[in-house]
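> So here's upload_36.txt, just compact mmCIF, C-alpha atoms and all ligand atoms:
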```
# COMPACT_ATOMS: atom_id res chain seq x y z
CA MET O 1 72.22 63.68 -2.27
CA LYS O 2 72.00 60.31 -0.53
CA GLN O 3 72.51 57.09 -2.45
CA TRP O 4 68.83 56.16 -2.55
CA GLN O 5 67.98 59.61 -3.91
CA TRP O 6 70.46 59.06 -6.73
CA VAL O 7 68.83 55.72 -7.46
CA LEU O 8 65.39 57.30 -7.50
CA LEU O 9 66.58 60.05 -9.81
CA ALA O 10 68.18 57.44 -12.09
CA MET O 11 64.89 55.59 -12.18
CA ILE O 12 62.93 58.67 -13.19
CA LEU O 13 65.45 59.58 -15.89
CA ALA O 14 65.36 55.97 -17.11
CA LEU O 15 61.57 56.07 -17.40
CA ILE O 16 61.82 59.22 -19.49
CA ALA O 17 64.62 57.85 -21.68
CA GLY O 18 62.84 54.52 -22.13
CA ALA O 19 59.55 56.17 -22.98
CA ALA O 20 61.28 58.43 -25.50
CA ILE O 21 62.83 55.43 -27.25
CA ASN O 22 59.54 53.58 -27.12
CA SER O 23 57.69 56.43 -28.78
CA THR O 24 60.31 57.41 -31.39
CA CYS O 25 62.35 54.34 -32.33
CA VAL O 26 59.70 51.63 -32.79
CA VAL O 27 59.25 50.68 -36.45
CA SER O 28 56.80 47.86 -35.90
CA THR O 29 54.73 47.04 -32.83
CA ASP O 30 53.88 43.49 -33.73
CA PRO O 31 56.38 41.99 -32.97
CA MET O 32 58.20 44.92 -31.46
CA GLU O 33 61.07 46.13 -33.66
CA PHE O 34 63.28 49.21 -33.31
CA ASN O 35 65.28 51.30 -35.74
CA GLU O 36 69.08 51.22 -35.61
CA ALA O 37 69.42 54.02 -33.04
CA GLY O 38 66.82 52.34 -30.80
CA ASN O 39 68.55 48.97 -31.04
CA SER O 40 71.93 50.46 -30.15
CA LEU O 41 70.55 52.30 -27.14
CA ILE O 42 68.70 49.24 -25.91
CA PHE O 43 71.87 47.21 -26.34
CA ILE O 44 73.81 49.69 -24.19
CA PHE O 45 71.10 49.79 -21.49
CA ASP O 46 70.93 46.02 -21.46
CA TYR O 47 74.71 45.77 -21.18
CA ILE O 48 74.87 48.15 -18.21
CA GLY O 49 71.88 46.53 -16.49
CA THR O 50 73.19 42.99 -16.94
CA LEU O 51 76.59 43.99 -15.60
CA PHE O 52 74.97 45.44 -12.49
CA MET O 53 72.76 42.38 -11.99
CA ASN O 54 75.78 40.10 -12.37
CA LEU O 55 77.69 42.10 -9.76
CA LEU O 56 74.83 41.71 -7.31
CA LYS O 57 74.31 38.03 -8.11
CA MET O 58 78.01 37.35 -7.75
CA VAL O 59 77.83 37.67 -3.97
CA ILE O 60 74.63 35.68 -3.49
CA VAL O 61 76.08 32.18 -3.14
CA PRO O 62 78.77 33.00 -0.55
CA LEU O 63 76.38 35.36 1.23
CA VAL O 64 73.51 32.86 1.50
CA PHE O 65 75.73 29.98 2.51
CA THR O 66 77.77 31.84 5.11
CA SER O 67 74.76 33.72 6.51
CA ILE O 68 72.73 30.60 7.14
CA VAL O 69 75.65 28.56 8.44
CA VAL O 70 76.93 31.25 10.81
CA GLY O 71 73.38 32.19 11.84
CA ILE O 72 72.41 28.65 12.82
CA ALA O 73 75.74 27.59 14.27
CA GLY O 74 75.61 30.72 16.45
CA LEU O 75 72.35 29.50 17.99
CA SER O 76 74.50 26.83 19.68
CA LYS O 77 71.46 24.77 20.63
CA THR O 78 68.99 23.04 18.35
CA ASP O 79 65.97 24.30 20.29
CA GLY O 80 66.88 27.89 19.30
CA PHE O 81 66.99 26.75 15.70
CA ALA O 82 63.68 24.94 15.98
CA ARG O 83 62.02 27.98 17.57
CA LEU O 84 63.28 30.39 14.92
CA GLY O 85 62.43 27.87 12.21
CA LEU O 86 58.85 27.44 13.38
CA LYS O 87 58.24 31.18 13.67
CA THR O 88 59.74 31.78 10.25
CA VAL O 89 57.78 29.07 8.49
CA GLY O 90 54.61 30.19 10.28
CA TYR O 91 55.13 33.76 9.06
CA TYR O 92 55.87 32.65 5.49
CA ALA O 93 52.80 30.44 5.30
CA LEU O 94 50.49 33.03 6.87
CA THR O 95 51.52 35.97 4.69
CA SER O 96 51.63 33.97 1.46
CA LEU O 97 48.13 32.67 2.15
CA ILE O 98 46.82 36.16 2.90
CA ALA O 99 48.42 37.40 -0.34
CA ILE O 100 46.84 34.63 -2.40
CA LEU O 101 43.43 35.27 -0.87
CA ILE O 102 43.70 38.98 -1.70
CA GLY O 103 44.54 38.05 -5.30
CA LEU O 104 41.70 35.55 -5.45
CA THR O 105 39.18 38.07 -4.13
CA VAL O 106 40.24 40.95 -6.36
CA VAL O 107 40.35 38.85 -9.55
CA ASN O 108 36.92 37.38 -8.81
CA ILE O 109 35.39 40.78 -8.11
CA PHE O 110 36.83 42.66 -11.09
CA LYS O 111 37.08 39.76 -13.57
CA PRO O 112 39.74 41.32 -15.83
CA GLY O 113 39.41 38.54 -18.43
CA LEU O 114 35.72 39.19 -19.09
CA VAL O 115 33.73 41.92 -20.82
CA ASN O 116 30.02 41.98 -19.91
CA GLY O 117 30.36 38.48 -18.50
CA ARG O 118 31.92 37.04 -21.67
CA PRO O 119 35.60 36.31 -22.45
CA ASN O 120 37.34 39.45 -23.73
CA GLU O 121 37.28 39.13 -27.53
CA ALA O 122 40.04 41.65 -28.22
CA ILE O 123 42.41 39.62 -26.05
CA GLN O 124 41.26 36.41 -27.72
CA GLN O 125 41.98 37.87 -31.18
CA GLN O 126 45.45 38.96 -30.09
CA MET O 127 46.10 35.42 -28.82
CA GLU O 128 44.81 33.76 -31.97
CA ALA O 129 46.92 36.00 -34.21
CA ASN O 130 50.12 35.27 -32.28
CA ALA O 131 49.42 31.81 -30.88
CA GLU O 132 52.56 30.18 -32.28
CA GLU O 133 54.83 32.97 -31.11
CA TYR O 134 53.35 32.86 -27.59
CA ARG O 135 53.59 29.07 -27.39
CA GLY O 136 57.22 29.28 -28.53
CA SER O 137 58.16 31.87 -25.95
CA VAL O 138 56.61 29.83 -23.15
CA SER O 139 58.33 26.58 -24.13
CA GLY O 140 61.59 28.51 -24.57
CA LYS O 141 61.26 29.77 -21.01
CA LEU O 142 60.38 26.37 -19.62
CA GLN O 143 63.51 24.84 -21.20
CA GLY O 144 62.40 21.25 -21.05
CA GLN O 145 60.86 21.45 -17.59
CA GLU O 146 57.60 19.62 -17.34
CA GLY O 147 54.42 21.28 -16.23
CA GLY O 148 52.53 18.30 -14.81
CA LEU O 149 52.36 16.98 -11.27
CA SER O 150 55.91 15.73 -11.67
CA ALA O 151 57.00 19.38 -11.60
CA VAL O 152 55.64 19.75 -8.08
CA ARG O 153 57.48 16.59 -7.09
CA ASP O 154 60.64 17.87 -8.78
CA LEU O 155 60.56 21.04 -6.69
CA PHE O 156 61.46 18.91 -3.71
CA LEU O 157 63.85 16.65 -5.59
CA ARG O 158 65.78 19.73 -6.63
CA MET O 159 66.29 20.52 -2.98
CA VAL O 160 68.64 17.60 -2.49
CA PRO O 161 71.55 17.68 -4.93
CA GLN O 162 73.53 14.56 -5.73
CA ASN O 163 76.73 16.48 -5.34
CA VAL O 164 77.34 19.23 -2.79
CA PHE O 165 79.05 21.43 -5.36
CA GLU O 166 76.01 21.37 -7.63
CA ALA O 167 74.32 23.57 -5.04
CA PHE O 168 76.98 26.21 -5.42
CA GLY O 169 76.82 26.17 -9.21
CA ALA O 170 73.84 27.78 -10.84
CA ASN O 171 71.36 30.36 -9.61
CA ASN O 172 68.37 28.12 -9.96
CA LYS O 173 69.84 25.69 -7.42
CA MET O 174 68.89 28.02 -4.59
CA LEU O 175 66.73 25.47 -2.77
CA ALA O 176 69.64 23.02 -2.82
CA LEU O 177 71.99 25.70 -1.52
CA ILE O 178 69.63 26.47 1.34
CA PHE O 179 69.28 22.80 2.17
CA ILE O 180 73.06 22.28 2.30
CA SER O 181 73.51 25.45 4.35
CA LEU O 182 70.86 24.40 6.89
CA LEU O 183 72.43 20.97 7.19
CA THR O 184 75.90 22.44 7.67
CA GLY O 185 74.69 24.98 10.24
CA VAL O 186 72.80 22.40 12.29
CA GLY O 187 75.70 19.94 11.97
CA LEU O 188 78.09 22.52 13.38
CA ILE O 189 76.05 22.71 16.59
CA PHE O 190 76.97 19.11 17.29
CA ILE O 191 80.70 19.05 16.59
CA SER O 192 83.49 19.93 19.01
CA GLU O 193 83.84 23.52 20.18
CA GLU O 194 87.28 23.67 18.60
CA GLY O 195 86.08 22.48 15.20
CA ARG O 196 83.04 24.74 15.29
CA SER O 197 84.87 27.94 16.07
CA ALA O 198 87.43 27.28 13.33
CA VAL O 199 84.72 26.78 10.68
CA VAL O 200 82.41 29.53 11.95
CA GLY O 201 85.27 32.03 12.20
CA PHE O 202 86.18 31.47 8.57
CA PHE O 203 82.60 31.73 7.33
CA GLN O 204 81.98 34.78 9.50
CA GLY O 205 84.86 36.53 7.72
CA LEU O 206 83.54 35.47 4.34
CA ASN O 207 80.10 36.78 5.30
CA GLU O 208 81.45 40.21 6.22
CA LEU O 209 83.44 40.26 3.02
CA SER O 210 80.35 39.51 0.92
CA LEU O 211 78.47 42.38 2.53
CA LEU O 212 81.38 44.74 2.03
CA ILE O 213 81.52 43.87 -1.66
CA THR O 214 77.77 44.54 -1.80
CA ASN O 215 78.39 48.04 -0.45
CA TRP O 216 80.89 48.63 -3.21
CA VAL O 217 78.51 47.29 -5.85
CA MET O 218 75.74 49.54 -4.58
CA CYS O 219 77.86 52.59 -5.37
CA LEU O 220 77.10 51.70 -8.99
CA ALA O 221 73.37 51.29 -8.33
CA PRO O 222 72.25 54.55 -9.97
CA ILE O 223 73.95 53.58 -13.24
CA GLY O 224 72.82 49.96 -13.09
CA VAL O 225 69.25 50.87 -12.22
CA PHE O 226 69.17 53.38 -15.06
CA GLY O 227 70.16 50.65 -17.53
CA LEU O 228 67.62 48.14 -16.21
CA VAL O 229 64.64 50.48 -16.05
CA ALA O 230 65.38 52.27 -19.34
CA GLU O 231 65.61 48.95 -21.18
CA THR O 232 62.38 47.65 -19.67
CA THR O 233 60.48 50.84 -20.43
CA ALA O 234 61.77 50.99 -24.00
CA GLN O 235 60.81 47.39 -24.65
CA THR O 236 57.37 47.38 -23.09
CA GLY O 237 54.86 47.23 -25.92
CA LEU O 238 52.29 49.89 -25.17
CA PRO O 239 49.47 48.40 -27.32
CA ILE O 240 49.54 45.12 -25.37
CA VAL O 241 49.77 46.95 -22.06
CA LEU O 242 46.64 48.88 -23.04
CA LEU O 243 44.90 45.73 -24.25
CA LEU O 244 45.59 44.14 -20.87
CA GLY O 245 44.94 47.39 -18.98
CA LYS O 246 42.28 46.03 -16.63
CA TYR O 247 44.42 43.00 -15.85
CA PHE O 248 47.38 45.25 -15.04
CA LEU O 249 45.28 47.39 -12.73
CA VAL O 250 43.85 44.37 -10.93
CA VAL O 251 47.28 42.79 -10.33
CA ILE O 252 48.91 46.03 -9.22
CA ALA O 253 45.96 46.94 -6.96
CA ALA O 254 46.06 43.52 -5.27
CA LEU O 255 49.84 43.77 -4.81
CA LEU O 256 49.53 47.26 -3.36
CA ILE O 257 46.83 46.15 -0.90
CA HIS O 258 49.25 43.54 0.38
CA LEU O 259 52.19 45.93 0.47
CA LEU O 260 50.49 49.01 1.85
CA VAL O 261 47.73 47.55 4.04
CA VAL O 262 48.52 44.01 5.17
CA MET O 263 52.26 44.44 5.71
CA PRO O 264 51.96 47.66 7.74
CA ILE O 265 49.30 46.03 9.94
CA LEU O 266 51.63 43.10 10.59
CA LEU O 267 54.55 45.43 11.24
CA LYS O 268 52.54 47.37 13.78
CA THR O 269 50.81 44.47 15.53
CA LEU O 270 53.32 41.62 15.39
CA GLY O 271 56.49 43.61 14.79
CA GLY O 272 55.82 46.48 17.19
CA VAL O 273 57.49 49.01 14.88
CA SER O 274 56.37 52.00 12.85
CA PRO O 275 55.63 50.88 9.27
CA LEU O 276 56.84 54.24 7.93
CA LYS O 277 60.20 53.86 9.62
CA HIS O 278 60.51 50.38 8.22
CA PHE O 279 59.64 51.47 4.68
CA PHE O 280 62.33 54.11 5.01
CA ALA O 281 64.90 51.60 6.28
CA MET O 282 64.12 49.34 3.35
CA ARG O 283 64.19 52.05 0.68
CA ASN O 284 67.35 50.79 -1.02
CA ALA O 285 66.13 47.20 -0.96
CA LEU O 286 62.75 48.19 -2.42
CA LEU O 287 64.36 50.24 -5.19
CA THR O 288 66.77 47.41 -6.01
CA ALA O 289 64.01 44.80 -6.02
CA PHE O 290 61.86 46.99 -8.23
CA SER O 291 64.56 47.68 -10.79
CA THR O 292 66.17 44.22 -10.90
CA ALA O 293 62.94 42.17 -10.57
CA SER O 294 65.03 39.67 -8.67
CA SER O 295 64.68 38.84 -4.97
CA SER O 296 67.97 36.98 -5.04
CA ALA O 297 69.91 39.86 -6.56
CA SER O 298 68.35 42.19 -3.96
CA LEU O 299 69.21 39.93 -1.02
CA PRO O 300 72.52 41.57 -0.09
CA VAL O 301 70.85 45.00 -0.12
CA THR O 302 67.88 43.74 1.91
CA MET O 303 70.24 42.26 4.47
CA ARG O 304 72.17 45.49 4.76
CA GLY O 305 68.99 47.55 5.16
CA LEU O 306 67.69 45.37 7.96
CA ARG O 307 70.96 45.21 9.85
CA GLU O 308 72.03 48.81 9.46
CA GLY O 309 68.68 50.54 9.02
CA ALA O 310 66.30 48.59 11.25
CA GLY O 311 68.87 47.24 13.68
CA VAL O 312 67.81 43.59 13.36
CA SER O 313 70.46 41.21 14.70
CA ASN O 314 72.74 39.25 12.40
CA ARG O 315 71.36 36.11 14.00
CA VAL O 316 67.82 36.77 12.73
CA THR O 317 68.67 38.31 9.35
CA SER O 318 71.16 35.53 8.59
CA PHE O 319 68.55 32.93 9.13
CA ILE O 320 65.41 34.50 7.72
CA LEU O 321 66.46 36.54 4.72
CA PRO O 322 68.31 33.97 2.61
CA LEU O 323 65.45 31.53 3.20
CA GLY O 324 62.85 34.17 2.48
CA ALA O 325 64.46 35.30 -0.77
CA THR O 326 63.66 31.91 -2.27
CA VAL O 327 60.91 30.42 -0.15
CA ASN O 328 58.74 33.38 0.87
CA MET O 329 57.21 35.05 -2.17
CA ASP O 330 53.95 36.76 -1.32
CA GLY O 331 53.83 38.88 -4.46
CA THR O 332 54.57 35.90 -6.65
CA ALA O 333 52.01 33.68 -4.94
CA LEU O 334 49.36 36.40 -5.33
CA TYR O 335 50.31 36.89 -8.97
CA GLU O 336 50.18 33.17 -9.77
CA CYS O 337 46.63 33.01 -8.47
CA VAL O 338 45.46 36.08 -10.43
CA ALA O 339 47.21 34.99 -13.65
CA VAL O 340 45.71 31.49 -13.59
CA ILE O 341 42.18 32.72 -12.94
CA PHE O 342 42.60 35.42 -15.59
CA ALA O 343 43.68 32.71 -18.08
CA ALA O 344 40.55 30.71 -17.23
CA GLN O 345 38.35 33.79 -17.69
CA VAL O 346 39.84 34.70 -21.07
CA LEU O 347 39.52 31.14 -22.31
CA GLY O 348 35.95 30.78 -21.04
CA PHE O 349 36.98 27.95 -18.70
CA GLU O 350 34.51 27.56 -15.84
CA MET O 351 36.28 27.37 -12.49
CA ALA O 352 34.35 25.68 -9.72
CA LEU O 353 35.06 26.66 -6.13
CA THR O 354 36.97 23.42 -5.55
CA THR O 355 39.21 24.16 -8.56
CA GLN O 356 39.88 27.63 -7.19
CA PHE O 357 40.83 26.01 -3.90
CA THR O 358 43.31 23.80 -5.80
CA VAL O 359 44.74 26.95 -7.41
CA VAL O 360 45.21 28.51 -3.96
CA MET O 361 47.00 25.43 -2.63
CA LEU O 362 49.21 25.06 -5.69
CA ALA O 363 50.08 28.77 -5.66
CA LEU O 364 51.15 28.40 -2.04
CA LEU O 365 53.21 25.32 -2.77
CA THR O 366 54.81 26.39 -6.03
CA SER O 367 55.73 29.88 -4.84
CA ILE O 368 58.18 28.12 -2.50
CA GLY O 369 60.11 26.70 -5.40
CA VAL O 370 60.10 29.78 -7.65
CA ALA O 371 63.63 31.10 -8.08
CA GLY O 372 64.22 34.73 -7.16
CA VAL O 373 64.95 35.80 -10.72
CA PRO O 374 62.94 37.77 -13.32
CA SER O 375 59.85 36.02 -14.75
CA ALA O 376 60.51 32.92 -12.69
CA SER O 377 56.85 32.55 -11.69
CA LEU O 378 56.00 31.59 -15.25
CA VAL O 379 57.05 28.01 -14.52
CA ALA O 380 54.81 27.91 -11.46
CA ILE O 381 51.86 29.32 -13.42
CA THR O 382 52.36 26.65 -16.06
CA ILE O 383 52.38 23.94 -13.39
CA ILE O 384 49.08 25.22 -11.99
CA VAL O 385 47.26 25.53 -15.33
CA TYR O 386 48.32 22.00 -16.29
CA ASN O 387 47.17 20.61 -12.99
CA VAL O 388 43.76 22.24 -13.03
CA GLY O 389 43.42 21.32 -16.70
CA ILE O 390 42.92 24.66 -18.46
CA PRO O 391 43.34 23.80 -22.15
CA ASN O 392 45.45 26.12 -24.34
CA ALA O 393 46.50 28.17 -21.36
CA GLU O 394 50.09 28.44 -22.59
CA VAL O 395 48.93 30.95 -25.20
CA VAL O 396 47.59 33.24 -22.45
CA ILE O 397 50.80 32.75 -20.47
CA GLY O 398 52.81 33.69 -23.57
CA LEU O 399 50.74 36.85 -23.93
CA LEU O 400 51.32 37.73 -20.28
CA LEU O 401 55.01 37.00 -20.67
CA ALA O 402 55.23 39.67 -23.34
CA VAL O 403 54.41 42.29 -20.71
CA ASP O 404 55.60 40.53 -17.60
CA ARG O 405 58.46 42.77 -16.58
CA PRO O 406 56.57 45.79 -15.18
CA ILE O 407 54.39 43.51 -13.04
CA ASP O 408 57.44 41.48 -12.05
CA MET O 409 59.09 44.64 -10.73
CA VAL O 410 56.19 45.32 -8.39
CA ARG O 411 55.71 41.73 -7.22
CA THR O 412 59.43 41.39 -6.50
CA ALA O 413 59.32 44.53 -4.35
CA VAL O 414 56.41 42.91 -2.46
CA ASN O 415 58.37 39.65 -2.09
CA VAL O 416 61.38 41.45 -0.69
CA PHE O 417 59.36 43.67 1.61
CA SER O 418 57.52 40.69 3.06
CA ASP O 419 60.86 38.96 3.80
CA SER O 420 62.03 42.06 5.60
CA CYS O 421 58.81 42.27 7.63
CA GLY O 422 59.27 38.60 8.56
CA ALA O 423 62.66 39.47 10.00
CA ILE O 424 61.12 42.31 12.02
CA VAL O 425 58.30 40.15 13.35
CA VAL O 426 60.66 37.35 14.38
CA ALA O 427 63.22 39.77 15.84
CA ASN O 428 60.48 41.41 17.91
CA SER O 429 59.26 38.06 19.17
CA GLU O 430 62.84 37.25 20.20
CA GLY O 431 62.90 40.40 22.30
CA GLU O 432 65.26 42.45 20.11
CA THR O 433 65.21 46.24 20.33
CA LEU O 434 64.66 47.65 16.85
CA PHE O 435 65.26 51.05 15.25
CA VAL O 436 67.66 52.36 17.84
CA GLU O 437 69.59 55.40 16.68
CA LYS O 438 70.55 53.84 13.37
CA THR O 439 69.51 55.46 10.16
CA GLY O 440 71.17 53.26 7.53
CA ALA O 441 72.61 54.30 4.19
N1 LIG O 501 60.95 37.98 -10.02
C1 LIG O 501 60.40 37.41 -8.82
C2 LIG O 501 61.42 37.47 -7.70
O1 LIG O 501 62.59 37.48 -7.94
C3 LIG O 501 59.95 36.00 -9.03
C4 LIG O 501 58.76 36.00 -9.95
O2 LIG O 501 57.63 36.22 -9.46
O3 LIG O 501 58.90 35.79 -11.14
O4 LIG O 501 61.06 37.52 -6.56
```
Represent the structure contained in this file as structure tokens.
Ligand code: ASP


Amino acid sequence: MKQWQWVLLAMILALIAGAAINSTCVVSTDPMEFNEAGNSLIFIFDYIGTLFMNLLKMVIVPLVFTSIVVGIAGLSKTDGFARLGLKTVGYYALTSLIAILIGLTVVNIFKPGLVNGRPNEAIQQQMEANAEEYRGSVSGKLQGQEGGLSAVRDLFLRMVPQNVFEAFGANNKMLALIFISLLTGVGLIFISEEGRSAVVGFFQGLNELSLLITNWVMCLAPIGVFGLVAETTAQTGLPIVLLLGKYFLVVIAALLIHLLVVMPILLKTLGGVSPLKHFFAMRNALLTAFSTASSSASLPVTMRGLREGAGVSNRVTSFILPLGATVNMDGTALYECVAVIFAAQVLGFEMALTTQFTVVMLALLTSIGVAGVPSASLVAITIIVYNVGIPNAEVVIGLLLAVDRPIDMVRTAVNVFSDSCGAIVVANSEGETLFVEKTGA
């Protein structure tokens, strides 16, 4: 069996194991508690999954930095950089906007927060009964970050660190890391040939090394994925999933429209490639994104899939993918829009067309700053609900947080797939020949 088939098998087994624990080891559903056997198994799954995630995350900082620096420095002229930059940003903005509009349309047609035109009372009762718990979990997640307009401003402040090494420190400093990498790459174009080749040669080696380590890590993917998916399935509270059933369906349907309709159309028309072939080339990346719910952790796998599977040049992948993993989040942007409007519906908050327009703009803006880690869009959703003034919305967000992971898995797969399509579209526009006699892992 091929590696991706092992991963798929692990995922199916994990779903079965998780569901078995969920149905046999739960002693109380509200809040979810497990018996001793259940707790031990979940602990083991969590341990394995976290170890795998850490292994993937470990290579992100050197990979992002060296990819961007080598990618840009290799362009050797700033007009090449500007051209790639413009195409990339254009693609990001276009696809994120399309995604948000799909979310907006679907949530307005199906109105998952309403029953017969009135706010869903069962959901309201659940929120009232657990209001404190939900508020607590949201403020715990926000960890002192503010939700007002200042948060939008801070997104950009975070981009410029006071100290270069701050950018290499924590995962949530991704925007800063990208900023420093872009600056270094562009700077290298202007220094002496001698200086440039010394620096680029070193980073090129480091880049290859990071990808090699990724290949090693991916040998453990079936085990890691099993741990991640089994834990998520075991800990997903079925009663709340059922309570929010219509909401789930609406979000997943909107995400699937983007993934299975919009993206293939773009691949065919702007990318000039067969969508099926591309899905196949990205199979490992999609499986990793789905099981880790982290675009950043999936980045090394996405990069490998595009280079080895689709035959996109290092020049394009190096530039577009690291940027895309943080900046381009179609699934997240779509989700933010649906979640905010759902919150308004459940709370009986009337949303005028102008307010919905504000939601669209803020979803577009905030999705740029969302880190590529699980449940990261919660911060962005909080920013939007504060800015459009939906009172008490944190209770709805807390409720959604309780069942966020399954949706996060799907939206992350959409985020990653859109990044990969961006690379195809740009590579095609740069005249690259794609999918030539390479089948990938
Ligand atoms: N988990 C998503 C990602 O990594 C971000 C989010 O929507 O929470 O792409």

> If the limit is 7 Å from any atom of ligand LIG 501 (chain O), counting only C-alpha atoms and all ligand atoms, which residues qualify? Return them as a JSON list (two decimals) with C-alpha atoms, keeping the file's coordinate frame.


```json
[["chain", "number", "residue", "atom", "x", "y", "z"],
["O", 293, "ALA", "CA", 62.94, 42.17, -10.57],
["O", 294, "SER", "CA", 65.03, 39.67, -8.67],
["O", 295, "SER", "CA", 64.68, 38.84, -4.97],
["O", 296, "SER", "CA", 67.97, 36.98, -5.04],
["O", 329, "MET", "CA", 57.21, 35.05, -2.17],
["O", 331, "GLY", "CA", 53.83, 38.88, -4.46],
["O", 332, "THR", "CA", 54.57, 35.90, -6.65],
["O", 370, "VAL", "CA", 60.10, 29.78, -7.65],
["O", 371, "ALA", "CA", 63.63, 31.10, -8.08],
["O", 372, "GLY", "CA", 64.22, 34.73, -7.16],
["O", 373, "VAL", "CA", 64.95, 35.80, -10.72],
["O", 374, "PRO", "CA", 62.94, 37.77, -13.32],
["O", 375, "SER", "CA", 59.85, 36.02, -14.75],
["O", 376, "ALA", "CA", 60.51, 32.92, -12.69],
["O", 377, "SER", "CA", 56.85, 32.55, -11.69],
["O", 378, "LEU", "CA", 56.00, 31.59, -15.25],
["O", 408, "ASP", "CA", 57.44, 41.48, -12.05],
["O", 409, "MET", "CA", 59.09, 44.64, -10.73],
["O", 411, "ARG", "CA", 55.71, 41.73, -7.22],
["O", 412, "THR", "CA", 59.43, 41.39, -6.50],
["O", 415, "ASN", "CA", 58.37, 39.65, -2.09]]
```

> Using all atoms listed in the file, find the one residue out of O:Pro239, O:Pro406, O:Gly309, O:Gly113 that sits nearest to Phe349 (chain O).

O:Gly113

> Which residue, O:Gln126, O:Asn392, O:Gln204, O:Ser139, has the smallest gap to Leu244 (chain O) when you use only C-alpha atoms?

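Ranked by minimum distance to Leu244 (chain O), first place goes to O:Gln126.
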
> Using all atoms listed in the file, which protein or nucleic acid residues come within 12 Å of Val395 (chain O)? Drop anything in the same chain fewer than 6 positions from it, and give the result as a JSON list (two decimals) with C-alpha atoms, in the coordinates of the input.


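Just written: part19.json:
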```
[["chain", "number", "residue", "atom", "x", "y", "z"],
["O", 123, "ILE", "CA", 42.41, 39.62, -26.05],
["O", 124, "GLN", "CA", 41.26, 36.41, -27.72],
["O", 125, "GLN", "CA", 41.98, 37.87, -31.18],
["O", 126, "GLN", "CA", 45.45, 38.96, -30.09],
["O", 127, "MET", "CA", 46.10, 35.42, -28.82],
["O", 128, "GLU", "CA", 44.81, 33.76, -31.97],
["O", 129, "ALA", "CA", 46.92, 36.00, -34.21],
["O", 130, "ASN", "CA", 50.12, 35.27, -32.28],
["O", 131, "ALA", "CA", 49.42, 31.81, -30.88],
["O", 132, "GLU", "CA", 52.56, 30.18, -32.28],
["O", 133, "GLU", "CA", 54.83, 32.97, -31.11],
["O", 134, "TYR", "CA", 53.35, 32.86, -27.59],
["O", 135, "ARG", "CA", 53.59, 29.07, -27.39],
["O", 136, "GLY", "CA", 57.22, 29.28, -28.53],
["O", 137, "SER", "CA", 58.16, 31.87, -25.95],
["O", 138, "VAL", "CA", 56.61, 29.83, -23.15],
["O", 139, "SER", "CA", 58.33, 26.58, -24.13],
["O", 343, "ALA", "CA", 43.68, 32.71, -18.08],
["O", 344, "ALA", "CA", 40.55, 30.71, -17.23],
["O", 346, "VAL", "CA", 39.84, 34.70, -21.07],
["O", 347, "LEU", "CA", 39.52, 31.14, -22.31],
["O", 382, "THR", "CA", 52.36, 26.65, -16.06],
["O", 385, "VAL", "CA", 47.26, 25.53, -15.33],
["O", 401, "LEU", "CA", 55.01, 37.00, -20.67],
["O", 402, "ALA", "CA", 55.23, 39.67, -23.34]]
```

> Could you check which residues have any atom within 12 Å of (63.3, 35.2, 22.0), counting all atoms listed in the file with coordinates taken straight from the file, and then list them as a list of chain:residue names?

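It turns out the residues near that spot are O:Leu75, O:Asp79, O:Gly80, O:Phe81, O:Ala82, O:Arg83, O:Leu84, O:Lys87, O:Ser313, O:Arg315, O:Val316, O:Val425, O:Val426, O:Ala427, O:Asn428, O:Ser429, O:Glu430, O:Gly431, O:Glu432, O:Thr433.
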
> May I have a table of the residues of region 73-170 of chain O lying at most 12 Å from region 48-63 of chain O, giving each one's closest pair of atoms and their distance in Å to one decimal, counting only C-alpha atoms, ordered by chain and ascending residue number, as a tab-separated table?


```
residue	atom	partner	partner_atom	distance
O:Phe165	CA	O:Val61	CA	11.4
O:Glu166	CA	O:Val61	CA	11.7
O:Ala167	CA	O:Val61	CA	9.0
O:Phe168	CA	O:Val61	CA	6.5
O:Gly169	CA	O:Val61	CA	8.6
O:Ala170	CA	O:Val61	CA	9.1
```
